[in-house]
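The structure appears below as C-alpha cells.
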Amino acid sequence: LIMSPAMWKWTCLVSHLLLSTTVSPLGRQQPPHPKRPFITFTGEQAEGNFNHLVVDERTGHIYLGAVNRIYKLSSDLKVLVTHETGPDDDNPKCYPPRIVQTCNEPLTPTNNINKMLLIDYKENRLIACGSLYQGICKLLRLDDLFKLGEPFHKKEHYLSGVNESGSVFGVIVSYSNMDDKLFIATAVDGKPEYFPTISSRKLTKNSEADGMFAYVFHDEFVASMIKIPSDTFTIIPDFDIYYIYGFSSGNFVYFLTLQPEMISPPGSTTKEQVYTSKLVRLCKEDTAFNSYVEVPIGCEKNGVEYRLLQAAYLSKAGAILARSLDVGPEDDILFTVFSKGQKRKMKSLDESALCIFVLKSINDRIKDRLQSCYRGEGTLDLAWLKVKDIPCSSALLTIDDNFCGLDMNAPLGVSSMVRGLPIFTEDGDRMTSVIAYVYKNHSLAFVGTKSGKLKK
C-alpha cells in the first residue's frame with residue numbers, strides 16, 4: 001500500500017487495521033471502535049518523506065524506501081538493517097551521469113529520492129531505484145541489504161530523470177526456466193530522447209551481469225519500448241504520462257496512467273488541456289511492443305464525473321461480490337480511486353470515488369477495438385501521437401482474447417471510456433490510496449485519505 005507523501009511524512013503508521021469509523025452497506029456511520037495503540041516507526045527528520053513500502057509475503061519483513069535510506073523493518077516496525085543511498089554530488093542536467101563521463105554542469109550534494117522498490121523473490125533481492133544519476137537502481141540482498149550490484153555504465157541503466165517519488169512503476173514477470181523480465185513505466189519529464197515511457201528489461205540471475213536492465217530486444221528498427229514522439233511536446237509542452245499503478249494478469253502486463261490531452265469543449269472553437277485516466281495493456285511476450293493498447297477509464301455517480309485517477313489495486317472478486325457482478329469468484333477486480341473532474345492533476349479536488357472494474361470487461365472492450373481496427377475501421381486514435389488520424393489497416397486474421405498485435409495498427413487507442421462501478425464516495429477528505437482482499441468470501445477494501453485516516 002503506497003500512500004501520498006502527505007500521509008507518509010516522517011512517520012509510518014501500522015495498526016491492526018484500526019478504523020476511525022466504519023461505513024455500513026447502507027452508508028450509515030457506525031460508532032467508532034475502541035482505540036488501540038498504533039505501532040510506529042519514525043525516520044530521521046532530515047530525510048524527509050518516506051516514499052515506498054513493500055512487504056515480503058514470506059517473512060513479513062517490511063522494506064521502506066526513503067530519501068537517502070532503505071530500511072528493513074520487522075513486522076512490528078523494529079529496524080533490522082539500514083542501507084544508505086545518498087546524498088551524493090550530482091546535477092540533473094548531466095546526461096549521461098558524471099559517474100560515467102565528465103559533466104560541465106556544477107555538481108552539488110543531492111538527495112537520492114527512492115522512486116521504485118520491488119522484491120525479486122526468485123533471486124532473493126530488492127530492486128531499489130533512486131533519483132540520483134538519471135535514475136539508476138541498486139540490487140540489494142534481502143537478508144542484510146548488502147549491495148549485490150549497481151549497473152550504471154550503459155544508457156539502458158538510466159531509467160528516469162524525474163526526481164519526484166511516484167514517477168516510476170515496475171512489474172516483474174517471472175519464469176521458471178529463464179531470466180525474468182522487468183517492465184518499467186516512467187514519466188520522462190520532457191526528455192523522450194533519453195527515456196522510453198515504457199520498456200521491458202532483462203533481470204539477470206547475476207546482479208552484476210553485463211545484460212542487467214538491457215532491453216529484452218533491441219535492433220536498429222525495433223526495441224522492447226515505447227517512446228513518446230518529440231513532436232508531441234510542440235502541441236502539449238508539458239506532456240507526460242504519469243503511471244499510478246501496474247500489475248500482471250494472465251498473458252498481459254497492465255499500467256494505469258494519467259495523461260494530458262487537448263480537447264474542444266462543446267460549443268467552443270479553442271482547445272483546453274484536461275487529464276485523462278487510461279489503462280495500458282501489453283503482452284508479456286511481445287518483444288516489439290506491437291500489442292500496446294490504451295483505453296480511457298473513469299467513473300460517474302449522480303451525474304458527477306470522477307476522472308482523475310489517484311490509486312488502484314488488483315484483487316479477486318470473492319464469492320459474494322462475484323454473484324452481484326455476474327463473474328467468477330477468482331476473476332480479477334480492479335479497485336480504483338478517482339477524484340472529481342479531470343482538469344487539475346496537481347491540485348485534485350477533495351471529492352473522490354472508490355470504483356471497481358471487472359478486468360475481463362476491459363479486455364473485452366480492447367478485443368472489440370482490435371477487431372474493428374483490423375477490419376480497417378477508424379484511426380489509431382492515440383492522443384500522444386502527433387498525427388491523430390492514422391487510419392487502421394485491414395487484415396484478414398482471427399483476433400482472440402490473447403492476440404498480441406502485428407507490426408501494423410499499433411500503438412492503438414480505444415476512444416470510448418470504460419466506466420467503473422462506484423461503490424463509495426467521499427466529499428471532504430480525498431481518498432488517496434486503496435488496498436483490497438477477500439476474507440470469508442467477502443471482498444474488503446481499505447482506503448487511506450488525504451488527512452491520514454484509514455477507512456474499511
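Ordered as shown in the C-alpha cells, chains take letters A, B, and onward, while each chain numbers its residues from 1 and ligands are numbered from 1 in the order shown.
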Taking only C-alpha atoms into account, produce a table as a Markdown table in which each residue of range 155-270 of chain A with an atom at most 12 Å from an atom of range 67-76 of chain A appears once, together with its shortest atom pair and the distance in Å to one decimal, ordered by chain and rising number.
```
| residue | atom | partner | partner_atom | distance |
| --- | --- | --- | --- | --- |
| A:Asn163 | CA | A:Val67 | CA | 11.1 |
| A:Glu164 | CA | A:Val67 | CA | 10.8 |
| A:Ser165 | CA | A:Val67 | CA | 9.4 |
```
Output N, CA and C atoms for every residue in the selection just made, as a PDB file, in the first residue's frame.
```pdb
ATOM      1  N   ASN A 163      12.662  13.550 -10.663  1.00  0.00           N
ATOM      2  CA  ASN A 163      13.137  13.462  -9.284  1.00  0.00           C
ATOM      3  C   ASN A 163      12.039  13.134  -8.283  1.00  0.00           C
ATOM      4  N   GLU A 164      10.783  13.223  -8.698  1.00  0.00           N
ATOM      5  CA  GLU A 164       9.699  13.007  -7.736  1.00  0.00           C
ATOM      6  C   GLU A 164       9.484  11.521  -7.464  1.00  0.00           C
ATOM      7  N   SER A 165       9.135  11.214  -6.235  1.00  0.00           N
ATOM      8  CA  SER A 165       8.680   9.867  -5.916  1.00  0.00           C
ATOM      9  C   SER A 165       7.366   9.611  -6.629  1.00  0.00           C
TER      10      SER A 165
END
```
| Secondary structure check, strand (DSSP E or B) residues of range 25-196 of chain A, as a ChimeraX atom specification | /A:29,39-42,50-55,62-67,69-73,79-84,88-90,108-110,113-120,125-130,137-141,147-149,168-173,180-186
| task | Would you please work out which residue, of A:Phe403, A:Tyr374, A:Tyr243, A:Tyr313, is nearest to Val447 in chain A when using only C-alpha atoms? | result | A:Tyr313
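Taking CA of Phe255 in chain A and CA of Leu279 in chain A as the two end points, the separation is 5.8 Å.
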| task | Mind the document's chain letters and residue numbers, and return as a list in words the residues of range 77-240 of chain A that DSSP labels alpha helix (DSSP H). | result |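 The alpha helix (DSSP H) residues within range 77-240 of chain A come out as Thr232, Phe233, Thr234 and Ile235 of chain A.
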Selected residues written out with all heavy atoms, as a PDB file, in the first residue's frame:
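Result file selection-v4.pdb:
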```pdb
ATOM      1  N   THR A 232       5.187  15.557 -30.081  1.00  0.00           N
ATOM      2  CA  THR A 232       4.055  15.693 -29.164  1.00  0.00           C
ATOM      3  C   THR A 232       4.230  16.898 -28.262  1.00  0.00           C
ATOM      4  O   THR A 232       3.265  17.590 -27.915  1.00  0.00           O
ATOM      5  CB  THR A 232       3.909  14.409 -28.316  1.00  0.00           C
ATOM      6  OG1 THR A 232       3.681  13.309 -29.189  1.00  0.00           O
ATOM      7  CG2 THR A 232       2.747  14.514 -27.345  1.00  0.00           C
ATOM      8  N   PHE A 233       5.482  17.191 -27.888  1.00  0.00           N
ATOM      9  CA  PHE A 233       5.738  18.273 -26.937  1.00  0.00           C
ATOM     10  C   PHE A 233       5.555  19.651 -27.573  1.00  0.00           C
ATOM     11  O   PHE A 233       5.465  20.652 -26.865  1.00  0.00           O
ATOM     12  CB  PHE A 233       7.140  18.135 -26.350  1.00  0.00           C
ATOM     13  CG  PHE A 233       7.294  16.901 -25.497  1.00  0.00           C
ATOM     14  CD1 PHE A 233       7.668  15.694 -26.051  1.00  0.00           C
ATOM     15  CD2 PHE A 233       7.034  16.940 -24.140  1.00  0.00           C
ATOM     16  CE1 PHE A 233       7.793  14.549 -25.288  1.00  0.00           C
ATOM     17  CE2 PHE A 233       7.147  15.800 -23.354  1.00  0.00           C
ATOM     18  CZ  PHE A 233       7.525  14.602 -23.929  1.00  0.00           C
ATOM     19  N   THR A 234       5.495  19.719 -28.907  1.00  0.00           N
ATOM     20  CA  THR A 234       5.199  21.002 -29.550  1.00  0.00           C
ATOM     21  C   THR A 234       3.724  21.338 -29.418  1.00  0.00           C
ATOM     22  O   THR A 234       3.336  22.506 -29.457  1.00  0.00           O
ATOM     23  CB  THR A 234       5.594  20.969 -31.034  1.00  0.00           C
ATOM     24  OG1 THR A 234       4.798  19.987 -31.719  1.00  0.00           O
ATOM     25  CG2 THR A 234       7.065  20.627 -31.198  1.00  0.00           C
ATOM     26  N   ILE A 235       2.876  20.309 -29.266  1.00  0.00           N
ATOM     27  CA  ILE A 235       1.438  20.529 -29.108  1.00  0.00           C
ATOM     28  C   ILE A 235       1.080  20.725 -27.638  1.00  0.00           C
ATOM     29  O   ILE A 235       0.323  21.620 -27.274  1.00  0.00           O
ATOM     30  CB  ILE A 235       0.656  19.344 -29.695  1.00  0.00           C
ATOM     31  CG1 ILE A 235       0.966  19.202 -31.190  1.00  0.00           C
ATOM     32  CG2 ILE A 235      -0.846  19.519 -29.478  1.00  0.00           C
ATOM     33  CD1 ILE A 235       0.388  17.954 -31.821  1.00  0.00           C
TER      34      ILE A 235
END
```
